[in-house]
file input-v7.txt (compact mmCIF, N, CA and C atoms and all ligand atoms)
# COMPACT_ATOMS: atom_id res chain seq x y z
N MET A 1 96.36 110.33 103.06
CA MET A 1 97.09 111.58 102.87
C MET A 1 96.82 112.49 104.08
N PRO A 2 97.88 113.09 104.69
CA PRO A 2 97.68 114.01 105.82
C PRO A 2 96.78 115.17 105.42
N THR A 3 96.06 115.72 106.38
CA THR A 3 95.11 116.78 106.05
C THR A 3 95.16 117.91 107.08
N ASN A 4 94.70 119.09 106.67
CA ASN A 4 94.58 120.22 107.60
C ASN A 4 93.19 120.28 108.23
N ILE A 5 92.31 119.36 107.84
CA ILE A 5 90.97 119.34 108.43
C ILE A 5 91.12 119.03 109.92
N GLU A 6 90.56 119.87 110.77
CA GLU A 6 90.90 119.77 112.19
C GLU A 6 90.37 118.51 112.88
N TRP A 7 89.26 117.95 112.37
CA TRP A 7 88.71 116.77 113.05
C TRP A 7 89.22 115.45 112.45
N ALA A 8 90.12 115.53 111.47
CA ALA A 8 90.63 114.30 110.83
C ALA A 8 92.15 114.31 110.83
N ASN A 9 92.75 113.12 110.86
CA ASN A 9 94.20 113.01 110.75
C ASN A 9 94.63 112.82 109.30
N LEU A 10 93.76 112.17 108.51
CA LEU A 10 94.09 111.97 107.10
C LEU A 10 92.84 111.81 106.26
N THR A 11 93.01 112.07 104.97
CA THR A 11 91.90 111.83 104.04
C THR A 11 92.29 110.66 103.15
N ASP A 12 91.35 109.77 102.94
CA ASP A 12 91.57 108.61 102.07
C ASP A 12 90.53 108.67 100.95
N ASN A 13 90.94 109.23 99.82
CA ASN A 13 90.00 109.26 98.69
C ASN A 13 90.16 107.98 97.89
N ILE A 14 89.44 106.97 98.34
CA ILE A 14 89.61 105.62 97.79
C ILE A 14 88.91 105.44 96.45
N ILE A 15 88.04 106.41 96.08
CA ILE A 15 87.38 106.32 94.77
C ILE A 15 87.74 107.57 93.97
N ARG A 16 88.39 107.33 92.84
CA ARG A 16 88.85 108.45 92.00
C ARG A 16 88.53 108.17 90.55
N ALA A 17 88.60 109.22 89.73
CA ALA A 17 88.44 109.03 88.29
C ALA A 17 89.72 108.38 87.76
N LYS A 18 89.55 107.43 86.85
CA LYS A 18 90.71 106.68 86.36
C LYS A 18 91.75 107.59 85.72
N ARG A 19 91.29 108.63 85.02
CA ARG A 19 92.23 109.53 84.33
C ARG A 19 92.59 110.75 85.18
N GLY A 20 92.36 110.66 86.47
CA GLY A 20 92.71 111.76 87.37
C GLY A 20 91.49 112.52 87.84
N GLY A 21 91.61 113.11 89.00
CA GLY A 21 90.50 113.87 89.57
C GLY A 21 89.47 112.94 90.21
N TRP A 22 88.28 113.50 90.40
CA TRP A 22 87.23 112.80 91.14
C TRP A 22 85.92 112.99 90.43
N TRP A 23 84.87 112.42 90.98
CA TRP A 23 83.55 112.68 90.44
C TRP A 23 82.51 112.39 91.51
N CYS A 24 81.47 113.19 91.49
CA CYS A 24 80.33 112.95 92.37
C CYS A 24 79.10 113.47 91.63
N GLN A 25 77.94 113.26 92.19
CA GLN A 25 76.71 113.71 91.55
C GLN A 25 75.96 114.63 92.49
N LYS A 26 75.68 115.83 92.01
CA LYS A 26 74.93 116.78 92.84
C LYS A 26 73.49 116.29 92.93
N ILE A 27 73.05 116.03 94.15
CA ILE A 27 71.71 115.46 94.29
C ILE A 27 70.76 116.31 95.14
N SER A 28 71.29 117.39 95.75
CA SER A 28 70.40 118.18 96.61
C SER A 28 70.89 119.62 96.68
N GLU A 29 70.11 120.46 97.34
CA GLU A 29 70.50 121.86 97.57
C GLU A 29 71.82 121.93 98.31
N GLY A 30 72.04 120.96 99.19
CA GLY A 30 73.27 120.92 99.99
C GLY A 30 74.52 120.78 99.13
N CYS A 31 74.36 120.35 97.89
CA CYS A 31 75.51 120.16 96.99
C CYS A 31 75.80 121.41 96.17
N LYS A 32 74.98 122.46 96.37
CA LYS A 32 75.06 123.64 95.50
C LYS A 32 76.48 124.22 95.44
N ASN A 33 77.11 124.39 96.60
CA ASN A 33 78.46 124.98 96.63
C ASN A 33 79.52 123.91 96.91
N CYS A 34 79.41 122.83 96.19
CA CYS A 34 80.28 121.68 96.44
C CYS A 34 81.77 122.02 96.33
N TYR A 35 82.46 121.84 97.44
CA TYR A 35 83.90 122.10 97.50
C TYR A 35 84.66 121.14 96.59
N SER A 36 84.24 119.90 96.59
CA SER A 36 84.91 118.88 95.79
C SER A 36 84.84 119.21 94.29
N GLU A 37 83.67 119.65 93.84
CA GLU A 37 83.53 119.98 92.42
C GLU A 37 84.43 121.17 92.05
N LYS A 38 84.48 122.14 92.96
CA LYS A 38 85.34 123.32 92.70
C LYS A 38 86.80 122.88 92.54
N LEU A 39 87.23 122.02 93.44
CA LEU A 39 88.60 121.51 93.37
C LEU A 39 88.82 120.71 92.09
N ASN A 40 87.80 119.96 91.71
CA ASN A 40 87.91 119.12 90.51
C ASN A 40 87.97 119.95 89.23
N GLN A 41 87.54 121.19 89.30
CA GLN A 41 87.61 122.07 88.12
C GLN A 41 89.01 122.65 87.92
N ASN A 42 89.88 122.40 88.89
CA ASN A 42 91.20 123.01 88.86
C ASN A 42 92.28 121.95 88.61
N SER A 43 92.91 122.01 87.45
CA SER A 43 93.91 120.98 87.13
C SER A 43 95.15 121.13 88.02
N PHE A 44 95.37 122.32 88.58
CA PHE A 44 96.50 122.51 89.50
C PHE A 44 96.39 121.54 90.69
N PHE A 45 95.16 121.29 91.14
CA PHE A 45 94.93 120.38 92.26
C PHE A 45 94.66 118.95 91.80
N GLY A 46 94.86 118.69 90.53
CA GLY A 46 94.68 117.32 90.02
C GLY A 46 93.28 117.03 89.53
N GLY A 47 92.46 118.08 89.39
CA GLY A 47 91.09 117.87 88.92
C GLY A 47 91.02 117.56 87.44
N ASN A 48 89.90 116.97 87.04
CA ASN A 48 89.73 116.60 85.62
C ASN A 48 88.77 117.54 84.88
N LYS A 49 88.27 118.54 85.59
CA LYS A 49 87.39 119.60 85.04
C LYS A 49 86.01 119.10 84.61
N GLN A 50 85.68 117.87 84.97
CA GLN A 50 84.34 117.37 84.63
C GLN A 50 83.33 117.86 85.67
N PRO A 51 82.16 118.33 85.22
CA PRO A 51 81.15 118.77 86.20
C PRO A 51 80.56 117.57 86.95
N TYR A 52 80.00 117.85 88.12
CA TYR A 52 79.40 116.79 88.92
C TYR A 52 77.93 116.59 88.52
N SER A 53 77.75 116.32 87.24
CA SER A 53 76.42 116.03 86.69
C SER A 53 76.64 115.15 85.46
N GLY A 54 75.55 114.60 84.95
CA GLY A 54 75.66 113.74 83.78
C GLY A 54 76.19 112.36 84.16
N GLN A 55 76.91 111.76 83.23
CA GLN A 55 77.43 110.41 83.46
C GLN A 55 78.81 110.46 84.14
N PRO A 56 79.05 109.53 85.06
CA PRO A 56 80.37 109.51 85.71
C PRO A 56 81.46 109.06 84.74
N PRO A 57 82.68 109.55 84.94
CA PRO A 57 83.80 109.01 84.16
C PRO A 57 84.13 107.61 84.68
N GLU A 58 85.08 106.96 84.05
CA GLU A 58 85.49 105.65 84.57
C GLU A 58 86.17 105.87 85.92
N LEU A 59 85.72 105.12 86.91
CA LEU A 59 86.24 105.30 88.27
C LEU A 59 87.08 104.11 88.68
N VAL A 60 87.95 104.33 89.66
CA VAL A 60 88.75 103.23 90.20
C VAL A 60 88.64 103.23 91.73
N LEU A 61 88.73 102.03 92.28
CA LEU A 61 88.76 101.87 93.73
C LEU A 61 90.19 101.62 94.16
N ASP A 62 90.68 102.39 95.11
CA ASP A 62 92.06 102.27 95.59
C ASP A 62 92.11 101.17 96.65
N THR A 63 92.23 99.93 96.20
CA THR A 63 92.22 98.79 97.13
C THR A 63 93.49 98.76 97.98
N GLU A 64 94.57 99.35 97.49
CA GLU A 64 95.83 99.34 98.24
C GLU A 64 95.69 100.15 99.54
N THR A 65 95.02 101.31 99.44
CA THR A 65 94.80 102.12 100.66
C THR A 65 93.93 101.35 101.65
N ILE A 66 92.89 100.69 101.14
CA ILE A 66 92.01 99.91 102.02
C ILE A 66 92.80 98.79 102.69
N ARG A 67 93.65 98.13 101.91
CA ARG A 67 94.47 97.02 102.46
C ARG A 67 95.37 97.54 103.58
N LYS A 68 95.92 98.74 103.40
CA LYS A 68 96.85 99.29 104.41
C LYS A 68 96.15 99.60 105.73
N TRP A 69 94.85 99.84 105.70
CA TRP A 69 94.13 100.10 106.95
C TRP A 69 94.36 98.94 107.93
N GLY A 70 94.46 97.74 107.39
CA GLY A 70 94.64 96.55 108.23
C GLY A 70 95.95 96.53 108.98
N PHE A 71 96.92 97.37 108.58
CA PHE A 71 98.23 97.39 109.24
C PHE A 71 98.38 98.55 110.21
N GLN A 72 97.34 99.36 110.34
CA GLN A 72 97.42 100.51 111.24
C GLN A 72 97.42 100.04 112.68
N ARG A 73 98.32 100.58 113.49
CA ARG A 73 98.45 100.13 114.88
C ARG A 73 97.98 101.14 115.91
N LYS A 74 97.81 102.40 115.49
CA LYS A 74 97.33 103.42 116.44
C LYS A 74 96.06 104.05 115.87
N PRO A 75 95.10 104.41 116.73
CA PRO A 75 93.87 105.03 116.22
C PRO A 75 94.15 106.36 115.52
N LYS A 76 93.52 106.54 114.38
CA LYS A 76 93.60 107.80 113.63
C LYS A 76 92.23 108.08 113.06
N LYS A 77 91.94 109.36 112.86
CA LYS A 77 90.64 109.71 112.28
C LYS A 77 90.79 109.85 110.77
N HIS A 78 90.17 108.93 110.03
CA HIS A 78 90.23 108.96 108.57
C HIS A 78 88.97 109.66 108.04
N PHE A 79 89.16 110.59 107.12
CA PHE A 79 88.04 111.13 106.36
C PHE A 79 88.04 110.35 105.06
N VAL A 80 87.14 109.35 104.99
CA VAL A 80 87.12 108.46 103.82
C VAL A 80 86.25 109.08 102.73
N SER A 81 86.86 109.30 101.58
CA SER A 81 86.18 109.85 100.41
C SER A 81 85.60 111.24 100.66
N SER A 82 86.49 112.17 100.90
CA SER A 82 86.04 113.56 101.07
C SER A 82 85.58 114.16 99.74
N MET A 83 85.91 113.50 98.63
CA MET A 83 85.64 114.09 97.31
C MET A 83 84.45 113.47 96.59
N THR A 84 83.82 112.49 97.20
CA THR A 84 82.66 111.88 96.54
C THR A 84 81.75 111.24 97.59
N ASP A 85 80.66 110.69 97.14
CA ASP A 85 79.72 110.01 98.02
C ASP A 85 79.90 108.50 97.80
N VAL A 86 80.55 107.86 98.77
CA VAL A 86 80.85 106.42 98.59
C VAL A 86 79.57 105.58 98.50
N PHE A 87 78.44 106.14 98.97
CA PHE A 87 77.20 105.38 98.88
C PHE A 87 76.30 105.88 97.74
N GLY A 88 76.89 106.66 96.83
CA GLY A 88 76.15 107.09 95.64
C GLY A 88 75.73 105.87 94.82
N GLU A 89 74.62 106.01 94.08
CA GLU A 89 74.10 104.83 93.37
C GLU A 89 74.98 104.42 92.18
N TRP A 90 75.92 105.28 91.79
CA TRP A 90 76.84 104.93 90.69
C TRP A 90 78.05 104.13 91.18
N ILE A 91 78.16 103.99 92.50
CA ILE A 91 79.29 103.23 93.07
C ILE A 91 78.89 101.75 93.18
N PRO A 92 79.69 100.84 92.61
CA PRO A 92 79.33 99.42 92.71
C PRO A 92 79.21 98.96 94.17
N ARG A 93 78.19 98.14 94.43
CA ARG A 93 77.98 97.63 95.80
C ARG A 93 79.22 96.89 96.30
N SER A 94 79.88 96.17 95.40
CA SER A 94 81.07 95.40 95.82
C SER A 94 82.16 96.33 96.35
N TRP A 95 82.27 97.56 95.82
CA TRP A 95 83.26 98.53 96.31
C TRP A 95 82.88 98.97 97.73
N GLN A 96 81.59 99.19 97.93
CA GLN A 96 81.14 99.61 99.26
C GLN A 96 81.43 98.50 100.28
N HIS A 97 81.19 97.25 99.87
CA HIS A 97 81.48 96.13 100.76
C HIS A 97 82.98 96.04 101.06
N GLU A 98 83.79 96.27 100.03
CA GLU A 98 85.24 96.21 100.22
C GLU A 98 85.70 97.28 101.22
N MET A 99 85.13 98.48 101.10
CA MET A 99 85.47 99.57 102.02
C MET A 99 85.04 99.21 103.45
N LEU A 100 83.80 98.71 103.59
CA LEU A 100 83.30 98.38 104.94
C LEU A 100 84.09 97.22 105.55
N ASP A 101 84.47 96.24 104.72
CA ASP A 101 85.31 95.14 105.21
C ASP A 101 86.64 95.69 105.71
N GLY A 102 87.22 96.65 104.95
CA GLY A 102 88.50 97.25 105.34
C GLY A 102 88.37 97.98 106.68
N MET A 103 87.25 98.66 106.87
CA MET A 103 87.02 99.37 108.14
C MET A 103 86.88 98.38 109.28
N PHE A 104 86.21 97.26 109.00
CA PHE A 104 86.04 96.24 110.03
C PHE A 104 87.39 95.67 110.44
N VAL A 105 88.24 95.37 109.45
CA VAL A 105 89.58 94.81 109.74
C VAL A 105 90.38 95.81 110.56
N LEU A 106 90.30 97.10 110.19
CA LEU A 106 91.01 98.14 110.93
C LEU A 106 90.54 98.20 112.38
N GLU A 107 89.23 98.24 112.59
CA GLU A 107 88.68 98.32 113.94
C GLU A 107 89.04 97.07 114.74
N PHE A 108 88.92 95.90 114.10
CA PHE A 108 89.25 94.64 114.77
C PHE A 108 90.72 94.64 115.19
N GLY A 109 91.59 95.10 114.27
CA GLY A 109 93.03 95.13 114.55
C GLY A 109 93.35 96.04 115.73
N LEU A 110 92.70 97.22 115.76
CA LEU A 110 92.96 98.17 116.85
C LEU A 110 92.46 97.62 118.18
N LYS A 111 91.29 96.95 118.15
CA LYS A 111 90.77 96.37 119.40
C LYS A 111 91.69 95.26 119.88
N ALA A 112 92.20 94.45 118.94
CA ALA A 112 93.11 93.37 119.31
C ALA A 112 94.37 93.96 119.94
N GLN A 113 94.88 95.08 119.35
CA GLN A 113 96.07 95.74 119.91
C GLN A 113 95.79 96.22 121.34
N ALA A 114 94.60 96.84 121.52
CA ALA A 114 94.24 97.38 122.84
C ALA A 114 94.13 96.24 123.86
N GLN A 115 93.53 95.12 123.42
CA GLN A 115 93.39 93.99 124.34
C GLN A 115 94.75 93.41 124.71
N LYS A 116 95.63 93.31 123.71
CA LYS A 116 96.99 92.81 123.98
C LYS A 116 97.68 93.70 125.01
N LYS A 117 97.51 95.03 124.84
CA LYS A 117 98.14 95.99 125.76
C LYS A 117 97.59 95.78 127.17
N LEU A 118 96.25 95.62 127.27
CA LEU A 118 95.64 95.40 128.59
C LEU A 118 96.16 94.12 129.22
N LEU A 119 96.26 93.06 128.39
CA LEU A 119 96.78 91.79 128.90
C LEU A 119 98.20 91.95 129.41
N ARG A 120 99.03 92.64 128.61
CA ARG A 120 100.43 92.86 129.01
C ARG A 120 100.48 93.62 130.33
N GLU A 121 99.63 94.67 130.43
CA GLU A 121 99.62 95.47 131.66
C GLU A 121 99.16 94.63 132.85
N SER A 122 98.15 93.78 132.63
CA SER A 122 97.68 92.95 133.75
C SER A 122 98.75 91.94 134.15
N GLU A 123 99.53 91.44 133.16
CA GLU A 123 100.64 90.54 133.49
C GLU A 123 101.68 91.27 134.33
N ILE A 124 101.98 92.51 133.92
CA ILE A 124 102.96 93.31 134.66
C ILE A 124 102.45 93.55 136.08
N ASN A 125 101.13 93.86 136.22
CA ASN A 125 100.55 94.08 137.54
C ASN A 125 100.63 92.83 138.40
N LYS A 126 100.36 91.65 137.77
CA LYS A 126 100.43 90.39 138.52
C LYS A 126 101.84 90.17 139.04
N GLN A 127 102.83 90.42 138.15
CA GLN A 127 104.23 90.23 138.56
C GLN A 127 104.58 91.19 139.68
N THR A 128 104.06 92.41 139.60
CA THR A 128 104.34 93.40 140.64
C THR A 128 103.77 92.93 141.97
N ILE A 129 102.55 92.39 141.93
CA ILE A 129 101.91 91.90 143.17
C ILE A 129 102.72 90.75 143.75
N VAL A 130 103.16 89.81 142.89
CA VAL A 130 103.95 88.67 143.36
C VAL A 130 105.24 89.15 143.99
N LEU A 131 105.87 90.13 143.35
CA LEU A 131 107.15 90.65 143.86
C LEU A 131 106.96 91.35 145.20
N ASN A 132 105.79 91.99 145.37
CA ASN A 132 105.56 92.71 146.62
C ASN A 132 105.25 91.71 147.71
S1 LIG B 201 80.89 115.70 97.19
FE1 LIG B 201 79.01 114.92 96.23
S2 LIG B 201 77.56 114.69 97.94
FE2 LIG B 201 79.23 116.04 98.64
S3 LIG B 201 78.50 118.12 98.21
FE3 LIG B 201 79.69 117.46 96.45
S4 LIG B 201 78.22 116.63 95.01
FE4 LIG B 201 77.23 116.72 97.00

call {"tool": "encode", "arguments": {"input": "input-v7.txt", "output": "structure tokens"}}
result
Amino acid sequence: MPTNIEWANLTDNIIRAKRGGWWCQKISEGCKNCYSEKLNQNSFFGGNKQPYSGQPPELVLDTETIRKWGFQRKPKKHFVSSMTDVFGEWIPRSWQHEMLDGMFVLEFGLKAQAQKKLLRESEINKQTIVLN
């Protein structure tokens, strides 16, 4: 999803509550004024009004968004999971692996694109030298 965050091009909240909204667990002083929890308290923004304490609601992993990373052709800055902690202990390890695999495929794809471009440019340069 496009974002107004100045250092990111898009936010990918790949982990969400199954019935809408998000969930995270406040674990430190740094979580005191959690922006995500405030947003989650507001149904206008799609929140489920559950506090970020106690037991998590049923969560889902958005595998479709992760799969689409593999088709990206230009570098973009993704803010992955701005609404939760993807490495929280309530997140299944297999989901974390799926996310990291998706990032690897994205990075590999972009490097392959860059290498193809370099190869094409070097071919063009070779042809230019031959023509000269
Ligand atoms: S999203 Fe989670 S980790 Fe981040 S501030 Fe809120 S409760 Fe803390």

call {"tool": "residues_near_ligand", "arguments": {"input": "input-v7.txt", "ligand": "ligand LIG 201 (chain B)", "cutoff": "7 Å", "atoms": "only N, CA and C atoms and all ligand atoms", "output": "list in words"}}
result
Trp23, Cys24, Gln25, Lys26, Ile27, Ser28, Gly30, Cys31, Lys32, Asn33, Cys34, Tyr35, Ser36, Glu37, Tyr52, Ser82, Met83, Thr84 and Asp85 of chain A

call {"tool": "atom_distance", "arguments": {"input": "input-v7.txt", "atom1": "CA of Asn13 in chain A", "atom2": "CA of Lys111 in chain A"}}
result
24.4 Å

call {"tool": "select_by_dssp", "arguments": {"input": "input-v7.txt", "residues": "chain A", "states": "alpha helix (DSSP H)", "output": "ChimeraX atom specification"}}
result
/A:35-40,63-69,93-131

call {"tool": "write_last_selection", "arguments": {"input": "input-v7.txt", "atoms": "N, CA and C atoms", "output": "compact mmCIF listing (two decimals), keeping the file's coordinate frame"}}
result
# COMPACT_ATOMS: atom_id res chain seq x y z
N TYR A 35 82.46 121.84 97.44
CA TYR A 35 83.90 122.10 97.50
C TYR A 35 84.66 121.14 96.59
N SER A 36 84.24 119.90 96.59
CA SER A 36 84.91 118.88 95.79
C SER A 36 84.84 119.21 94.29
N GLU A 37 83.67 119.65 93.84
CA GLU A 37 83.53 119.98 92.42
C GLU A 37 84.43 121.17 92.05
N LYS A 38 84.48 122.14 92.96
CA LYS A 38 85.34 123.32 92.70
C LYS A 38 86.80 122.88 92.54
N LEU A 39 87.23 122.02 93.44
CA LEU A 39 88.60 121.51 93.37
C LEU A 39 88.82 120.71 92.09
N ASN A 40 87.80 119.96 91.71
CA ASN A 40 87.91 119.12 90.51
C ASN A 40 87.97 119.95 89.23
N THR A 63 92.23 99.93 96.20
CA THR A 63 92.22 98.79 97.13
C THR A 63 93.49 98.76 97.98
N GLU A 64 94.57 99.35 97.49
CA GLU A 64 95.83 99.34 98.24
C GLU A 64 95.69 100.15 99.54
N THR A 65 95.02 101.31 99.44
CA THR A 65 94.80 102.12 100.66
C THR A 65 93.93 101.35 101.65
N ILE A 66 92.89 100.69 101.14
CA ILE A 66 92.01 99.91 102.02
C ILE A 66 92.80 98.79 102.69
N ARG A 67 93.65 98.13 101.91
CA ARG A 67 94.47 97.02 102.46
C ARG A 67 95.37 97.54 103.58
N LYS A 68 95.92 98.74 103.40
CA LYS A 68 96.85 99.29 104.41
C LYS A 68 96.15 99.60 105.73
N TRP A 69 94.85 99.84 105.70
CA TRP A 69 94.13 100.10 106.95
C TRP A 69 94.36 98.94 107.93
N ARG A 93 78.19 98.14 94.43
CA ARG A 93 77.98 97.63 95.80
C ARG A 93 79.22 96.89 96.30
N SER A 94 79.88 96.17 95.40
CA SER A 94 81.07 95.40 95.82
C SER A 94 82.16 96.33 96.35
N TRP A 95 82.27 97.56 95.82
CA TRP A 95 83.26 98.53 96.31
C TRP A 95 82.88 98.97 97.73
N GLN A 96 81.59 99.19 97.93
CA GLN A 96 81.14 99.61 99.26
C GLN A 96 81.43 98.50 100.28
N HIS A 97 81.19 97.25 99.87
CA HIS A 97 81.48 96.13 100.76
C HIS A 97 82.98 96.04 101.06
N GLU A 98 83.79 96.27 100.03
CA GLU A 98 85.24 96.21 100.22
C GLU A 98 85.70 97.28 101.22
N MET A 99 85.13 98.48 101.10
CA MET A 99 85.47 99.57 102.02
C MET A 99 85.04 99.21 103.45
N LEU A 100 83.80 98.71 103.59
CA LEU A 100 83.30 98.38 104.94
C LEU A 100 84.09 97.22 105.55
N ASP A 101 84.47 96.24 104.72
CA ASP A 101 85.31 95.14 105.21
C ASP A 101 86.64 95.69 105.71
N GLY A 102 87.22 96.65 104.95
CA GLY A 102 88.50 97.25 105.34
C GLY A 102 88.37 97.98 106.68
N MET A 103 87.25 98.66 106.87
CA MET A 103 87.02 99.37 108.14
C MET A 103 86.88 98.38 109.28
N PHE A 104 86.21 97.26 109.00
CA PHE A 104 86.04 96.24 110.03
C PHE A 104 87.39 95.67 110.44
N VAL A 105 88.24 95.37 109.45
CA VAL A 105 89.58 94.81 109.74
C VAL A 105 90.38 95.81 110.56
N LEU A 106 90.30 97.10 110.19
CA LEU A 106 91.01 98.14 110.93
C LEU A 106 90.54 98.20 112.38
N GLU A 107 89.23 98.24 112.59
CA GLU A 107 88.68 98.32 113.94
C GLU A 107 89.04 97.07 114.74
N PHE A 108 88.92 95.90 114.10
CA PHE A 108 89.25 94.64 114.77
C PHE A 108 90.72 94.64 115.19
N GLY A 109 91.59 95.10 114.27
CA GLY A 109 93.03 95.13 114.55
C GLY A 109 93.35 96.04 115.73
N LEU A 110 92.70 97.22 115.76
CA LEU A 110 92.96 98.17 116.85
C LEU A 110 92.46 97.62 118.18
N LYS A 111 91.29 96.95 118.15
CA LYS A 111 90.77 96.37 119.40
C LYS A 111 91.69 95.26 119.88
N ALA A 112 92.20 94.45 118.94
CA ALA A 112 93.11 93.37 119.31
C ALA A 112 94.37 93.96 119.94
N GLN A 113 94.88 95.08 119.35
CA GLN A 113 96.07 95.74 119.91
C GLN A 113 95.79 96.22 121.34
N ALA A 114 94.60 96.84 121.52
CA ALA A 114 94.24 97.38 122.84
C ALA A 114 94.13 96.24 123.86
N GLN A 115 93.53 95.12 123.42
CA GLN A 115 93.39 93.99 124.34
C GLN A 115 94.75 93.41 124.71
N LYS A 116 95.63 93.31 123.71
CA LYS A 116 96.99 92.81 123.98
C LYS A 116 97.68 93.70 125.01
N LYS A 117 97.51 95.03 124.84
CA LYS A 117 98.14 95.99 125.76
C LYS A 117 97.59 95.78 127.17
N LEU A 118 96.25 95.62 127.27
CA LEU A 118 95.64 95.40 128.59
C LEU A 118 96.16 94.12 129.22
N LEU A 119 96.26 93.06 128.39
CA LEU A 119 96.78 91.79 128.90
C LEU A 119 98.20 91.95 129.41
N ARG A 120 99.03 92.64 128.61
CA ARG A 120 100.43 92.86 129.01
C ARG A 120 100.48 93.62 130.33
N GLU A 121 99.63 94.67 130.43
CA GLU A 121 99.62 95.47 131.66
C GLU A 121 99.16 94.63 132.85
N SER A 122 98.15 93.78 132.63
CA SER A 122 97.68 92.95 133.75
C SER A 122 98.75 91.94 134.15
N GLU A 123 99.53 91.44 133.16
CA GLU A 123 100.64 90.54 133.49
C GLU A 123 101.68 91.27 134.33
N ILE A 124 101.98 92.51 133.92
CA ILE A 124 102.96 93.31 134.66
C ILE A 124 102.45 93.55 136.08
N ASN A 125 101.13 93.86 136.22
CA ASN A 125 100.55 94.08 137.54
C ASN A 125 100.63 92.83 138.40
N LYS A 126 100.36 91.65 137.77
CA LYS A 126 100.43 90.39 138.52
C LYS A 126 101.84 90.17 139.04
N GLN A 127 102.83 90.42 138.15
CA GLN A 127 104.23 90.23 138.56
C GLN A 127 104.58 91.19 139.68
N THR A 128 104.06 92.41 139.60
CA THR A 128 104.34 93.40 140.64
C THR A 128 103.77 92.93 141.97
N ILE A 129 102.55 92.39 141.93
CA ILE A 129 101.91 91.90 143.17
C ILE A 129 102.72 90.75 143.75
N VAL A 130 103.16 89.81 142.89
CA VAL A 130 103.95 88.67 143.36
C VAL A 130 105.24 89.15 143.99
N LEU A 131 105.87 90.13 143.35
CA LEU A 131 107.15 90.65 143.86
C LEU A 131 106.96 91.35 145.20

call {"tool": "atom_distance", "arguments": {"input": "input-v7.txt", "atom1": "CA of Lys49 in chain A", "atom2": "CA of Met1 in chain A"}}
result
21.8 Å

call {"tool": "atom_distance", "arguments": {"input": "input-v7.txt", "atom1": "atom C of Arg73 in chain A", "atom2": "CA of Leu110 in chain A"}}
result
5.9 Å

call {"tool": "residues_around", "arguments": {"input": "input-v7.txt", "residues": "Val80 in chain A", "least_positions_apart": "5", "cutoff": "6 Å", "atoms": "all atoms listed in the file", "output": "MDAnalysis selection string"}}
result
chainID A and resid 11:14

call {"tool": "select_by_dssp", "arguments": {"input": "input-v7.txt", "residues": "range 49-128 of chain A", "states": "strand (DSSP E or B)", "output": "list in words"}}
result
Leu59, Val60, Leu61, His78, Phe79 and Val80 of chain A

call {"tool": "closest_residue", "arguments": {"input": "input-v7.txt", "among": "A:Ser43, A:Pro92, A:Gly109, A:Trp7", "to": "Gln72 in chain A", "atoms": "all atoms listed in the file"}}
result
A:Gly109

call {"tool": "residues_around", "arguments": {"input": "input-v7.txt", "residues": "Leu100 in chain A", "least_positions_apart": "3", "cutoff": "12 Å", "atoms": "only C-alpha atoms", "output": "MDAnalysis selection string"}}
result
chainID A and resid 14 63 66:67 69:70 80 86:87 93:97 103:107

call {"tool": "write_last_selection", "arguments": {"input": "input-v7.txt", "atoms": "N, CA and C atoms", "output": "compact mmCIF listing (two decimals), in the frame of the given file"}}
result
# COMPACT_ATOMS: atom_id res chain seq x y z
N ILE A 14 89.44 106.97 98.34
CA ILE A 14 89.61 105.62 97.79
C ILE A 14 88.91 105.44 96.45
N THR A 63 92.23 99.93 96.20
CA THR A 63 92.22 98.79 97.13
C THR A 63 93.49 98.76 97.98
N ILE A 66 92.89 100.69 101.14
CA ILE A 66 92.01 99.91 102.02
C ILE A 66 92.80 98.79 102.69
N ARG A 67 93.65 98.13 101.91
CA ARG A 67 94.47 97.02 102.46
C ARG A 67 95.37 97.54 103.58
N TRP A 69 94.85 99.84 105.70
CA TRP A 69 94.13 100.10 106.95
C TRP A 69 94.36 98.94 107.93
N GLY A 70 94.46 97.74 107.39
CA GLY A 70 94.64 96.55 108.23
C GLY A 70 95.95 96.53 108.98
N VAL A 80 87.14 109.35 104.99
CA VAL A 80 87.12 108.46 103.82
C VAL A 80 86.25 109.08 102.73
N VAL A 86 80.55 107.86 98.77
CA VAL A 86 80.85 106.42 98.59
C VAL A 86 79.57 105.58 98.50
N PHE A 87 78.44 106.14 98.97
CA PHE A 87 77.20 105.38 98.88
C PHE A 87 76.30 105.88 97.74
N ARG A 93 78.19 98.14 94.43
CA ARG A 93 77.98 97.63 95.80
C ARG A 93 79.22 96.89 96.30
N SER A 94 79.88 96.17 95.40
CA SER A 94 81.07 95.40 95.82
C SER A 94 82.16 96.33 96.35
N TRP A 95 82.27 97.56 95.82
CA TRP A 95 83.26 98.53 96.31
C TRP A 95 82.88 98.97 97.73
N GLN A 96 81.59 99.19 97.93
CA GLN A 96 81.14 99.61 99.26
C GLN A 96 81.43 98.50 100.28
N HIS A 97 81.19 97.25 99.87
CA HIS A 97 81.48 96.13 100.76
C HIS A 97 82.98 96.04 101.06
N MET A 103 87.25 98.66 106.87
CA MET A 103 87.02 99.37 108.14
C MET A 103 86.88 98.38 109.28
N PHE A 104 86.21 97.26 109.00
CA PHE A 104 86.04 96.24 110.03
C PHE A 104 87.39 95.67 110.44
N VAL A 105 88.24 95.37 109.45
CA VAL A 105 89.58 94.81 109.74
C VAL A 105 90.38 95.81 110.56
N LEU A 106 90.30 97.10 110.19
CA LEU A 106 91.01 98.14 110.93
C LEU A 106 90.54 98.20 112.38
N GLU A 107 89.23 98.24 112.59
CA GLU A 107 88.68 98.32 113.94
C GLU A 107 89.04 97.07 114.74

call {"tool": "residues_around", "arguments": {"input": "input-v7.txt", "residues": "Gly47 in chain A", "least_positions_apart": "6", "cutoff": "6 Å", "atoms": "only N, CA and C atoms", "output": "VMD selection string"}}
result
chain A and resid 20 to 22 39 to 41

call {"tool": "closest_residue", "arguments": {"input": "input-v7.txt", "among": "A:Leu119, A:Ile124, A:Gly46, A:Gly102", "to": "Thr65 in chain A", "atoms": "all atoms listed in the file"}}
result
A:Gly102

call {"tool": "residues_near_point", "arguments": {"input": "input-v7.txt", "point": "(88.6, 106.1, 93.3)", "cutoff": "6.5 Å", "atoms": "all atoms listed in the file", "output": "PyMOL selection string"}}
result
chain A and resi 13-17+59-62
